[in-house]
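Presented below is the structure to which this report refers.
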Amino acid sequence: MYPIVFIGAGPGDPGLLTLAGLQALEAAEVVYAPDPFEQTFAQILQGKRVEVPFDYGFAELVARLKNEAEKAPVAFLVPGDLTFYSPFQPFIDELGNQARVIPGVGTVNAAAARLAKTLDLPGVCNRAVIASPRTLGDGDDAPTLQDLARPGVTLVIYMNNLPLPELVRQLRAGYGCNVPIALLHRLGLPGEEVILSDLDAIVARVGDRDYFNLSGENRRPALTLVLVGETLTARPGGDWWDWRRENVWKHRS
Ligand SMILES: C[S@@+](CC[C@H](N)C(=O)[O-])C[C@H]1O[C@@H](n2cnc3c(N)ncnc32)[C@H](O)[C@@H]1O
């Protein structure tokens with residue numbers, strides 16, 4: 001039996017694959033690759049059988065995987081990283097010891113790098129909250145983004161399915177003031193767009209552009225990540241460093 005390796009593939013740019021991920025991918029003969037990895041990883045995937053995991057039901061795919069892994073290693077390209085919003089957990093559990101997981105660059109990591117901003121900045125932001133309005137739940141008791149948006153919070157919003165004016169209304173009500181917001185669309189992919197604005201200006205700035213795939217026939221979540229909070233534009237400066245060096249990091253004999 002060969003392993004079935006779930007490789008954190010990053011946001012789509014093969015340059016963000018780890019060395020461990022590349023090694024496992026090179027060894028695999030069959031690769032399950034969701035969109036857009038079949039295209040962006042085409043060079044590394046040459047000569048391999050590439051499958052779309054969403055073409056199969058659970059039982060059918062498990063049977064295929066076990067059969068394929070009798071002959072050679074099998075790999076899955078996990079969008080971003082397994083840590084958040086990955087659809088493959090049932091397969092990993094079912095495969096037990098045969099499954100291996102390799103970490104990758106999550107979209108949030110790539111977004112912070114693209115903006116060149118840390119999302120947790122003591123003195124400006126004291127917590128980061130990762131959420132998706134798709135998975136917050138339904139019903140009167142379900143939290144909303146408005147409940148999560150508070151001064152001092154950096155919000156990382158995956159798979160947004162709210163129209164932008166409604167998203168902004170909820171965030172404005174939660175933060176209670178105007179704060180920076182960034183839309184990061186197709187990070188690391190052809191057609192990448194980054195819009196850094198604030199809650200009061202973003203709706204007019206974006207206009208009719210549908211960054212969340214809300215008007216298309218295919219309602220699959222768009223490749224757009226939303227970041228919100230003061231840390232997106234904060235500039236901590238030398239005093240921030242000096243205080244921390246003096247009180248936290250400086251070596252003391
Ligand atoms: C099912 S989740 C996958 C998240 C993934 N496990 C991760 O670690 O980033 C899909 C959502 O991730 C975000 N996303 C994934 N790839 C992206 C990219 N290249 N650019 C911007 N957002 C992306 C979008 O919010 C998208 O709707």
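Labels for the structure tokens follow display order: chains A, B, ..., residues from 1 in each chain, ligands from 1.
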Closest atom pairs, residues of chain A within 7 Å of ligand 1, only C-alpha atoms and all ligand atoms, as CSV:
residue,atom,partner,partner_atom_place_in_ligand_line,distance
A:Gly10,CA,ligand 1,9 (O),6.9
A:Pro11,CA,ligand 1,19 (N),4.0
A:Gly12,CA,ligand 1,19 (N),5.5
A:Val78,CA,ligand 1,6 (N),6.7
A:Pro79,CA,ligand 1,5 (C),4.8
A:Gly80,CA,ligand 1,7 (C),3.6
A:Asp81,CA,ligand 1,8 (O),3.9
A:Leu82,CA,ligand 1,6 (N),5.3
A:Thr83,CA,ligand 1,8 (O),6.1
A:Phe84,CA,ligand 1,6 (N),4.9
A:Tyr85,CA,ligand 1,6 (N),4.7
A:Ser86,CA,ligand 1,6 (N),4.6
A:Pro87,CA,ligand 1,1 (C),6.8
A:Val105,CA,ligand 1,8 (O),7.0
A:Gly106,CA,ligand 1,8 (O),3.7
A:Thr107,CA,ligand 1,9 (O),3.7
A:Val108,CA,ligand 1,9 (O),6.1
A:Ile157,CA,ligand 1,25 (O),6.7
A:Tyr158,CA,ligand 1,25 (O),3.6
A:Met159,CA,ligand 1,27 (O),3.5
A:Asn160,CA,ligand 1,25 (O),6.6
A:Leu184,CA,ligand 1,21 (C),5.4
A:His185,CA,ligand 1,21 (C),4.7
A:Arg186,CA,ligand 1,20 (N),3.7
A:Leu187,CA,ligand 1,20 (N),3.7
A:Gly188,CA,ligand 1,19 (N),5.9
A:Leu189,CA,ligand 1,19 (N),6.2
A:Pro221,CA,ligand 1,27 (O),4.3
A:Ala222,CA,ligand 1,27 (O),4.7
A:Leu223,CA,ligand 1,22 (N),4.0
A:Thr224,CA,ligand 1,22 (N),3.8
A:Leu225,CA,ligand 1,25 (O),4.1
Mind dumping a table of every range 69-136 of chain A residue within 8 Å of range 144-156 of chain A, with the nearest atom pair and its distance in Å to one decimal, using only C-alpha atoms, sorted by chain and rising number, as a tab-separated table?
residue	atom	partner	partner_atom	distance
A:Val108	CA	A:Val156	CA	7.3
A:Leu119	CA	A:Thr154	CA	6.4
A:Asp120	CA	A:Thr154	CA	7.3
A:Val124	CA	A:Gly152	CA	6.1
A:Cys125	CA	A:Gly152	CA	4.2
A:Asn126	CA	A:Gly152	CA	5.4
A:Arg127	CA	A:Val153	CA	5.1
A:Ala128	CA	A:Thr154	CA	4.5
A:Val129	CA	A:Leu155	CA	5.0
A:Ile130	CA	A:Val156	CA	4.7
A:Ala131	CA	A:Val156	CA	6.3
A:Pro133	CA	A:Leu145	CA	6.8
A:Leu136	CA	A:Thr144	CA	6.7
Generate the output file for the selected residues, C-alpha atoms, as an mmCIF file, in the first residue's frame.
data_model
loop_
_atom_site.group_PDB
_atom_site.id
_atom_site.type_symbol
_atom_site.label_atom_id
_atom_site.label_comp_id
_atom_site.auth_asym_id
_atom_site.auth_seq_id
_atom_site.Cartn_x
_atom_site.Cartn_y
_atom_site.Cartn_z
ATOM 1 C CA VAL A 108 -4.732 34.146 4.559
ATOM 2 C CA LEU A 119 -2.789 40.741 10.852
ATOM 3 C CA ASP A 120 -2.080 40.799 14.571
ATOM 4 C CA VAL A 124 -3.859 48.053 17.142
ATOM 5 C CA CYS A 125 -5.361 44.599 16.854
ATOM 6 C CA ASN A 126 -5.667 42.142 19.740
ATOM 7 C CA ARG A 127 -7.321 39.234 17.928
ATOM 8 C CA ALA A 128 -7.951 37.872 14.476
ATOM 9 C CA VAL A 129 -11.183 36.039 13.688
ATOM 10 C CA ILE A 130 -11.516 33.678 10.738
ATOM 11 C CA ALA A 131 -15.076 33.185 9.510
ATOM 12 C CA PRO A 133 -20.896 33.949 6.297
ATOM 13 C CA LEU A 136 -22.022 30.837 10.402
#
Could you make a table, as JSON lines, of the residues of range 23-46 of chain A that have an atom within 8 Å of an atom of range 56-74 of chain A, each with its nearest atom pair and distance in Å to one decimal, counting only C-alpha atoms, in chain and number order?
{"residue": "A:Ala27", "atom": "CA", "partner": "A:Pro73", "partner_atom": "CA", "distance": 6.6}
{"residue": "A:Ala28", "atom": "CA", "partner": "A:Pro73", "partner_atom": "CA", "distance": 4.7}
{"residue": "A:Glu29", "atom": "CA", "partner": "A:Val74", "partner_atom": "CA", "distance": 6.1}
{"residue": "A:Val30", "atom": "CA", "partner": "A:Val74", "partner_atom": "CA", "distance": 5.1}
{"residue": "A:Val31", "atom": "CA", "partner": "A:Val74", "partner_atom": "CA", "distance": 6.0}
Determine, counting only C-alpha atoms, which protein, DNA and RNA residues have an atom within 10 Å of an atom of range 191-196 of chain A; residues of the same chain fewer than 5 positions away are not included. Present the result as a compact mmCIF listing (two decimals) with C-alpha atoms, in the first residue's frame.
# COMPACT_ATOMS: atom_id res chain seq x y z
CA ALA A 111 -2.96 37.69 1.56
CA ARG A 114 0.59 40.47 -0.62
CA LEU A 115 -0.47 43.41 1.56
CA PRO A 180 -9.88 49.51 6.27
CA ILE A 181 -11.09 46.61 4.12
CA ALA A 182 -9.22 44.66 1.44
CA LEU A 183 -10.58 42.37 -1.27
CA LEU A 184 -7.95 39.96 -2.55
CA HIS A 185 -9.13 38.30 -5.74
CA ARG A 186 -7.34 35.38 -7.43
CA ALA A 201 -15.59 53.92 0.15
CA ILE A 202 -15.42 50.26 -0.95
CA ARG A 205 -14.94 51.81 -5.56
CA VAL A 206 -16.02 48.30 -6.62
CA TYR A 211 -15.96 39.70 -6.88
CA LEU A 223 -11.50 33.02 -5.23
CA THR A 224 -11.77 36.21 -3.19
CA LEU A 225 -10.64 36.70 0.39
CA VAL A 226 -11.81 39.67 2.47
CA LEU A 227 -9.72 41.19 5.24
CA VAL A 228 -11.04 43.90 7.53
CA LEU A 232 -4.35 46.67 7.28
CA THR A 233 -3.10 50.26 7.21
(message) Please identify the alpha helix (DSSP H) residues within range 3-222 of chain A (assignment by DSSP from backbone atoms) and present them as a ChimeraX atom specification.
(response) /A:19-27,37-40,42-45,58-68,89-95,107-115,145-148,164-175,202-206
(request) Name the closest residue to Pro236 in chain A among the candidates A:Gly21, A:Gly216, A:Gly123, A:Pro190; distances are taken between atoms, counting only C-alpha atoms. (result) A:Gly123
(request) Any chance you could list, as a ChimeraX atom specification, the residues in range 51-230 of chain A that come up strand (DSSP E) when DSSP is run on the backbone? (result) /A:51,74-78,99-102,127-131,153-157,180-185,193-198,224-228
(request) Could you jot down the CA of Gly238 in chain A to CA of Arg252 in chain A separation for me, Å, one decimal place? (result) 21.0 Å
